[in-house]
Amino acid sequence: MRKLICMFIFLLGTLGVAKAQEITGKVFEKETTKSLIGVTVVVENTTIGAITDLTGAYSITAWEGQTLVFSYLGMETQKVIVGSNKVIDVYLSNDLYMLEETVVVGYGTMRRKDVTGAISSIKGEEIELTTSANVLEGMAGKLPGVQIIQNSGTPGGDVTVRIRGIGTINDADPLYVVDGIPVNSGIWFLNPNEIQSIDVLKDASATAIYGSRGANGVVMVTTKKGIRGKTQVSLDYSYGFQNVSKTYTMLDASQYATLHNEMRSNAGYDLNPDFANSQSLGKGTNWLNEIFRTAPIQKASVNISEGDQTVHNTSLGYYKQEGVLMRTGYERVTLQSNIRSELSPRFRMTSNIALSGKKETNMMLIPL
């Protein structure tokens with residue numbers, strides 16, 4: 001029986017080795033048949049990956065039946081199922097949707113393929129999926145060259161934005177422009193559900209229209225506009241919880257008294273009378289459990305869009321986050337309305353109104 005089991009395990013290992021194979025090949029651009037450098041090749045649902053070299057060649061280990069995913073900026077992602085063929089050449093096509101996508105620049109809008117400056121963009125749908133109090137927190141990790149730093153764990157705390165690093169020893173914050181209007185002190189007052197898109201201008205050519213104010217980059221925010229036609233009403237609500245991911249294991253009262261007595265004995269001091277009978281002190285109070293809690297987060301937004309000659313998009317947003325630390329929290333109410341009126345075929349009047357109010361609760365620690 002032992003021999004049969006060993007033989008069975010050996011055969012399984014032999015079959016597994018036989019299926020695993022090294023896949024090689026090259027990646028080309030379909031329209032020009034030129035080899036592509038830096039294409040990412042990943043085995044789907046695994047951490048196994050490779051990048052094409054200067055000749056467009058790659059080499060990766062995969063099993064039969066697994067899927068190779070080929071992705072490249074500006075190209076359509078392609079998936080290939082691994083079979084018995086060990087050489088797989090791939091031809092990637094241009095992503096026409098991405099190239100035709102409209103991005104906001106300092107002097108209007110342009111198609112992405114016509115933009116020569118360094119611009120990164122994010123859609124409002126991606127920010128809506130987050131439960132962040134600040135719109136900027138929802139951008140974290142989604143834009144290359146843009147660093148989002150949360151200054152503290154306090155609910156509604158400030159966020160630092162650095163575009164391509166620190167550009168000055170003074171104020172290194174970027175310029176924020178909301179619907180064409182420069183604003184100061186960040187964009188905390190915006191409701192994430194009302195963001196249409198955010199475009200970040202990162203280099204000198206893209207920010208030139210703003211002069212020295214745009215030296216640290218420009219964050220262009222476009223909010224949602226009204227849709228002509230029948231009245232549209234939407235409601236969005238989400239509710240969640242947050243916890244402290246990890247806490248320290250604390251000594252209870254009797255353990256602390258025992259350790260304290262040992263410390264004084266080793267130092268040659270008299271024992272503290274209060275800790276003479278350490279076992280009688282029991283468990284005591286775990287103060288970490290007393291100051292931390294399971295904190296809820298909730299946000300709600302109501303949006304109304306209607307009009308014909310005069311179109312408006314009005315939204316009312318509410319956000320409340322209770323901190324995991326007792327007596328901390330953040331609450332915000334926002335009202336935003338974008339009105340566009342077609343006075344004539346040549347004249348249009350627009351009005352953007354944004355009202356917001358917030359309340360922050362921070363526990364004060366009083367030293368004993």
# chains A, B, ... in the order shown; residues from 1 in each chain; ligands from 1
call {"tool": "residues_around", "arguments": {"residues": "Gly357 of chain A", "least_positions_apart": "3", "cutoff": "8 Å", "atoms": "only C-alpha atoms", "output": "ChimeraX atom specification"}}
result
/A:189,332-334
call {"tool": "residues_around", "arguments": {"residues": "Phe70 of chain A", "least_positions_apart": "4", "cutoff": "7 Å", "atoms": "only C-alpha atoms", "output": "ChimeraX atom specification"}}
result
/A:39-42,77-79
call {"tool": "select_by_dssp", "arguments": {"residues": "segment 19-188 of chain A", "states": "helix (DSSP H, G or I)", "output": "count of residues only"}}
result
17
call {"tool": "closest_residue", "arguments": {"among": "A:Ile81, A:Ala354, A:Ala133, A:Ala295", "to": "Tyr330 of chain A", "atoms": "only C-alpha atoms"}}
result
A:Ala133
call {"tool": "select_by_dssp", "arguments": {"residues": "segment 136-239 of chain A", "states": "strand (DSSP E or B)", "output": "ChimeraX atom specification"}}
result
/A:146-150,159-163,175-178,181-183,195-201,218-223,229-239
call {"tool": "closest_residue", "arguments": {"among": "A:Ile169, A:Ile181, A:Met220, A:Val311", "to": "Ser120 of chain A", "atoms": "only C-alpha atoms"}}
result
A:Met220
call {"tool": "residues_around", "arguments": {"residues": "Ile37 of chain A", "least_positions_apart": "5", "cutoff": "7 Å", "atoms": "only C-alpha atoms", "output": "mmCIF file with all heavy atoms, in the first residue's frame"}}
result
data_model
loop_
_atom_site.group_PDB
_atom_site.id
_atom_site.type_symbol
_atom_site.label_atom_id
_atom_site.label_comp_id
_atom_site.auth_asym_id
_atom_site.auth_seq_id
_atom_site.Cartn_x
_atom_site.Cartn_y
_atom_site.Cartn_z
ATOM 1 N N THR A 52 7.455 42.770 -22.140
ATOM 2 C CA THR A 52 8.195 42.596 -23.396
ATOM 3 C C THR A 52 9.456 43.449 -23.403
ATOM 4 O O THR A 52 9.479 44.557 -22.872
ATOM 5 C CB THR A 52 7.316 42.964 -24.602
ATOM 6 O OG1 THR A 52 6.855 44.310 -24.448
ATOM 7 C CG2 THR A 52 6.103 42.038 -24.684
ATOM 8 N N ASP A 53 10.506 42.922 -24.045
ATOM 9 C CA ASP A 53 11.796 43.622 -24.078
ATOM 10 C C ASP A 53 11.870 44.569 -25.269
ATOM 11 O O ASP A 53 10.845 44.903 -25.892
ATOM 12 C CB ASP A 53 12.941 42.600 -24.108
ATOM 13 C CG ASP A 53 12.848 41.669 -25.311
ATOM 14 O OD1 ASP A 53 12.128 42.006 -26.278
ATOM 15 O OD2 ASP A 53 13.497 40.601 -25.297
ATOM 16 N N LEU A 54 13.077 44.999 -25.611
ATOM 17 C CA LEU A 54 13.274 45.973 -26.687
ATOM 18 C C LEU A 54 12.852 45.457 -28.041
ATOM 19 O O LEU A 54 12.607 46.235 -28.966
ATOM 20 C CB LEU A 54 14.750 46.404 -26.732
ATOM 21 C CG LEU A 54 15.264 47.155 -25.490
ATOM 22 C CD1 LEU A 54 16.750 47.453 -25.633
ATOM 23 C CD2 LEU A 54 14.480 48.443 -25.263
ATOM 24 N N THR A 55 12.786 44.155 -28.198
ATOM 25 C CA THR A 55 12.361 43.569 -29.477
ATOM 26 C C THR A 55 10.900 43.142 -29.452
ATOM 27 O O THR A 55 10.417 42.541 -30.418
ATOM 28 C CB THR A 55 13.238 42.352 -29.822
ATOM 29 O OG1 THR A 55 13.062 41.338 -28.816
ATOM 30 C CG2 THR A 55 14.702 42.750 -29.890
ATOM 31 N N GLY A 56 10.211 43.412 -28.347
ATOM 32 C CA GLY A 56 8.818 43.011 -28.231
ATOM 33 C C GLY A 56 8.626 41.579 -27.790
ATOM 34 O O GLY A 56 7.495 41.070 -27.790
#
call {"tool": "closest_residue", "arguments": {"among": "A:Ala57, A:Val80, A:Val244, A:Leu92", "to": "Glu31 of chain A", "atoms": "only C-alpha atoms"}}
result
A:Leu92
call {"tool": "residues_around", "arguments": {"residues": "Asp270 of chain A", "least_positions_apart": "4", "cutoff": "9 Å", "atoms": "only C-alpha atoms", "output": "VMD selection string"}}
result
chain A and resid 261 264 to 265
call {"tool": "write_last_selection", "arguments": {"atoms": "all heavy atoms", "output": "mmCIF file, in the first residue's frame"}}
result
data_model
loop_
_atom_site.group_PDB
_atom_site.id
_atom_site.type_symbol
_atom_site.label_atom_id
_atom_site.label_comp_id
_atom_site.auth_asym_id
_atom_site.auth_seq_id
_atom_site.Cartn_x
_atom_site.Cartn_y
_atom_site.Cartn_z
ATOM 1 N N ASN A 261 6.056 44.587 40.309
ATOM 2 C CA ASN A 261 6.756 44.095 41.499
ATOM 3 C C ASN A 261 8.123 43.516 41.120
ATOM 4 O O ASN A 261 9.123 43.719 41.825
ATOM 5 C CB ASN A 261 5.920 43.035 42.206
ATOM 6 C CG ASN A 261 4.684 43.623 42.866
ATOM 7 O OD1 ASN A 261 4.650 44.820 43.161
ATOM 8 N ND2 ASN A 261 3.671 42.795 43.083
ATOM 9 N N ARG A 264 10.610 46.417 40.450
ATOM 10 C CA ARG A 264 11.104 47.101 41.644
ATOM 11 C C ARG A 264 12.052 46.190 42.438
ATOM 12 O O ARG A 264 13.023 46.664 43.028
ATOM 13 C CB ARG A 264 9.927 47.551 42.513
ATOM 14 C CG ARG A 264 9.059 48.623 41.843
ATOM 15 C CD ARG A 264 8.012 49.167 42.799
ATOM 16 N NE ARG A 264 8.594 49.930 43.890
ATOM 17 C CZ ARG A 264 8.866 51.234 43.844
ATOM 18 N NH1 ARG A 264 8.610 51.923 42.731
ATOM 19 N NH2 ARG A 264 9.398 51.848 44.890
ATOM 20 N N SER A 265 11.744 44.886 42.436
ATOM 21 C CA SER A 265 12.638 43.955 43.151
ATOM 22 C C SER A 265 14.003 43.906 42.484
ATOM 23 O O SER A 265 15.048 43.920 43.149
ATOM 24 C CB SER A 265 12.012 42.558 43.178
ATOM 25 O OG SER A 265 10.806 42.564 43.915
#
call {"tool": "decode", "arguments": {"residues": "segment 163-175 of chain A", "atoms": "all heavy atoms", "output": "short mmCIF file (atom, residue, chain, number, x, y, z; two decimals), in the first residue's frame"}}
result
data_model
loop_
_atom_site.label_atom_id
_atom_site.label_comp_id
_atom_site.auth_asym_id
_atom_site.auth_seq_id
_atom_site.Cartn_x
_atom_site.Cartn_y
_atom_site.Cartn_z
N ILE A 163 1.84 66.58 -7.05
CA ILE A 163 1.89 66.18 -8.46
C ILE A 163 3.34 66.19 -8.91
O ILE A 163 4.00 67.23 -8.91
CB ILE A 163 1.04 67.13 -9.33
CG1 ILE A 163 -0.42 67.07 -8.86
CG2 ILE A 163 1.15 66.75 -10.80
CD1 ILE A 163 -1.32 68.04 -9.59
N ARG A 164 3.84 64.99 -9.23
CA ARG A 164 5.24 64.82 -9.63
C ARG A 164 6.20 65.32 -8.57
O ARG A 164 7.19 66.01 -8.85
CB ARG A 164 5.50 65.51 -10.98
CG ARG A 164 4.84 64.81 -12.15
CD ARG A 164 5.30 65.35 -13.47
NE ARG A 164 4.85 64.50 -14.57
CZ ARG A 164 5.13 64.71 -15.86
NH1 ARG A 164 5.86 65.77 -16.20
NH2 ARG A 164 4.70 63.90 -16.78
N GLY A 165 5.89 65.02 -7.32
CA GLY A 165 6.80 65.36 -6.23
C GLY A 165 6.63 66.78 -5.73
O GLY A 165 5.68 67.48 -6.07
N ILE A 166 7.58 67.21 -4.90
CA ILE A 166 7.55 68.55 -4.31
C ILE A 166 8.29 69.50 -5.23
O ILE A 166 9.48 69.34 -5.50
CB ILE A 166 8.20 68.54 -2.91
CG1 ILE A 166 7.44 67.58 -1.99
CG2 ILE A 166 8.22 69.94 -2.32
CD1 ILE A 166 8.06 67.42 -0.63
N GLY A 167 7.57 70.53 -5.71
CA GLY A 167 8.16 71.45 -6.67
C GLY A 167 8.70 72.72 -6.07
O GLY A 167 9.37 73.50 -6.75
N THR A 168 8.42 72.98 -4.80
CA THR A 168 8.88 74.21 -4.18
C THR A 168 9.00 74.00 -2.67
O THR A 168 8.33 73.12 -2.11
CB THR A 168 7.92 75.38 -4.46
OG1 THR A 168 8.34 76.54 -3.74
CG2 THR A 168 6.51 75.03 -4.02
N ILE A 169 9.83 74.80 -2.02
CA ILE A 169 9.98 74.69 -0.57
C ILE A 169 8.86 75.45 0.15
O ILE A 169 8.72 75.35 1.36
CB ILE A 169 11.35 75.23 -0.11
CG1 ILE A 169 11.50 76.71 -0.51
CG2 ILE A 169 12.46 74.38 -0.68
CD1 ILE A 169 12.76 77.35 0.01
N ASN A 170 8.07 76.21 -0.60
CA ASN A 170 6.95 76.94 -0.01
C ASN A 170 5.67 76.12 -0.16
O ASN A 170 5.65 74.95 0.19
CB ASN A 170 6.83 78.32 -0.66
CG ASN A 170 8.06 79.17 -0.41
OD1 ASN A 170 8.53 79.28 0.72
ND2 ASN A 170 8.60 79.77 -1.47
N ASP A 171 4.64 76.69 -0.69
CA ASP A 171 3.37 76.00 -0.87
C ASP A 171 3.46 75.11 -2.11
O ASP A 171 3.54 75.60 -3.24
CB ASP A 171 2.24 77.01 -1.02
CG ASP A 171 0.88 76.34 -1.09
OD1 ASP A 171 0.82 75.11 -0.90
OD2 ASP A 171 -0.11 77.04 -1.33
N ALA A 172 3.44 73.80 -1.91
CA ALA A 172 3.56 72.86 -3.02
C ALA A 172 2.22 72.29 -3.45
O ALA A 172 2.17 71.33 -4.23
CB ALA A 172 4.50 71.71 -2.63
N ASP A 173 1.12 72.87 -2.96
CA ASP A 173 -0.21 72.37 -3.33
C ASP A 173 -0.54 72.76 -4.77
O ASP A 173 -0.16 73.84 -5.24
CB ASP A 173 -1.27 72.95 -2.40
CG ASP A 173 -1.15 72.39 -0.99
OD1 ASP A 173 -0.58 71.30 -0.83
OD2 ASP A 173 -1.62 73.07 -0.03
N PRO A 174 -1.29 71.92 -5.48
CA PRO A 174 -1.69 72.27 -6.85
C PRO A 174 -2.81 73.29 -6.85
O PRO A 174 -3.40 73.61 -5.82
CB PRO A 174 -2.16 70.93 -7.42
CG PRO A 174 -2.65 70.18 -6.22
CD PRO A 174 -1.76 70.58 -5.08
N LEU A 175 -3.10 73.80 -8.03
CA LEU A 175 -4.22 74.72 -8.21
C LEU A 175 -5.47 73.89 -8.52
O LEU A 175 -5.43 73.01 -9.37
CB LEU A 175 -3.93 75.69 -9.35
CG LEU A 175 -5.07 76.62 -9.77
CD1 LEU A 175 -5.40 77.60 -8.66
CD2 LEU A 175 -4.72 77.35 -11.07
#
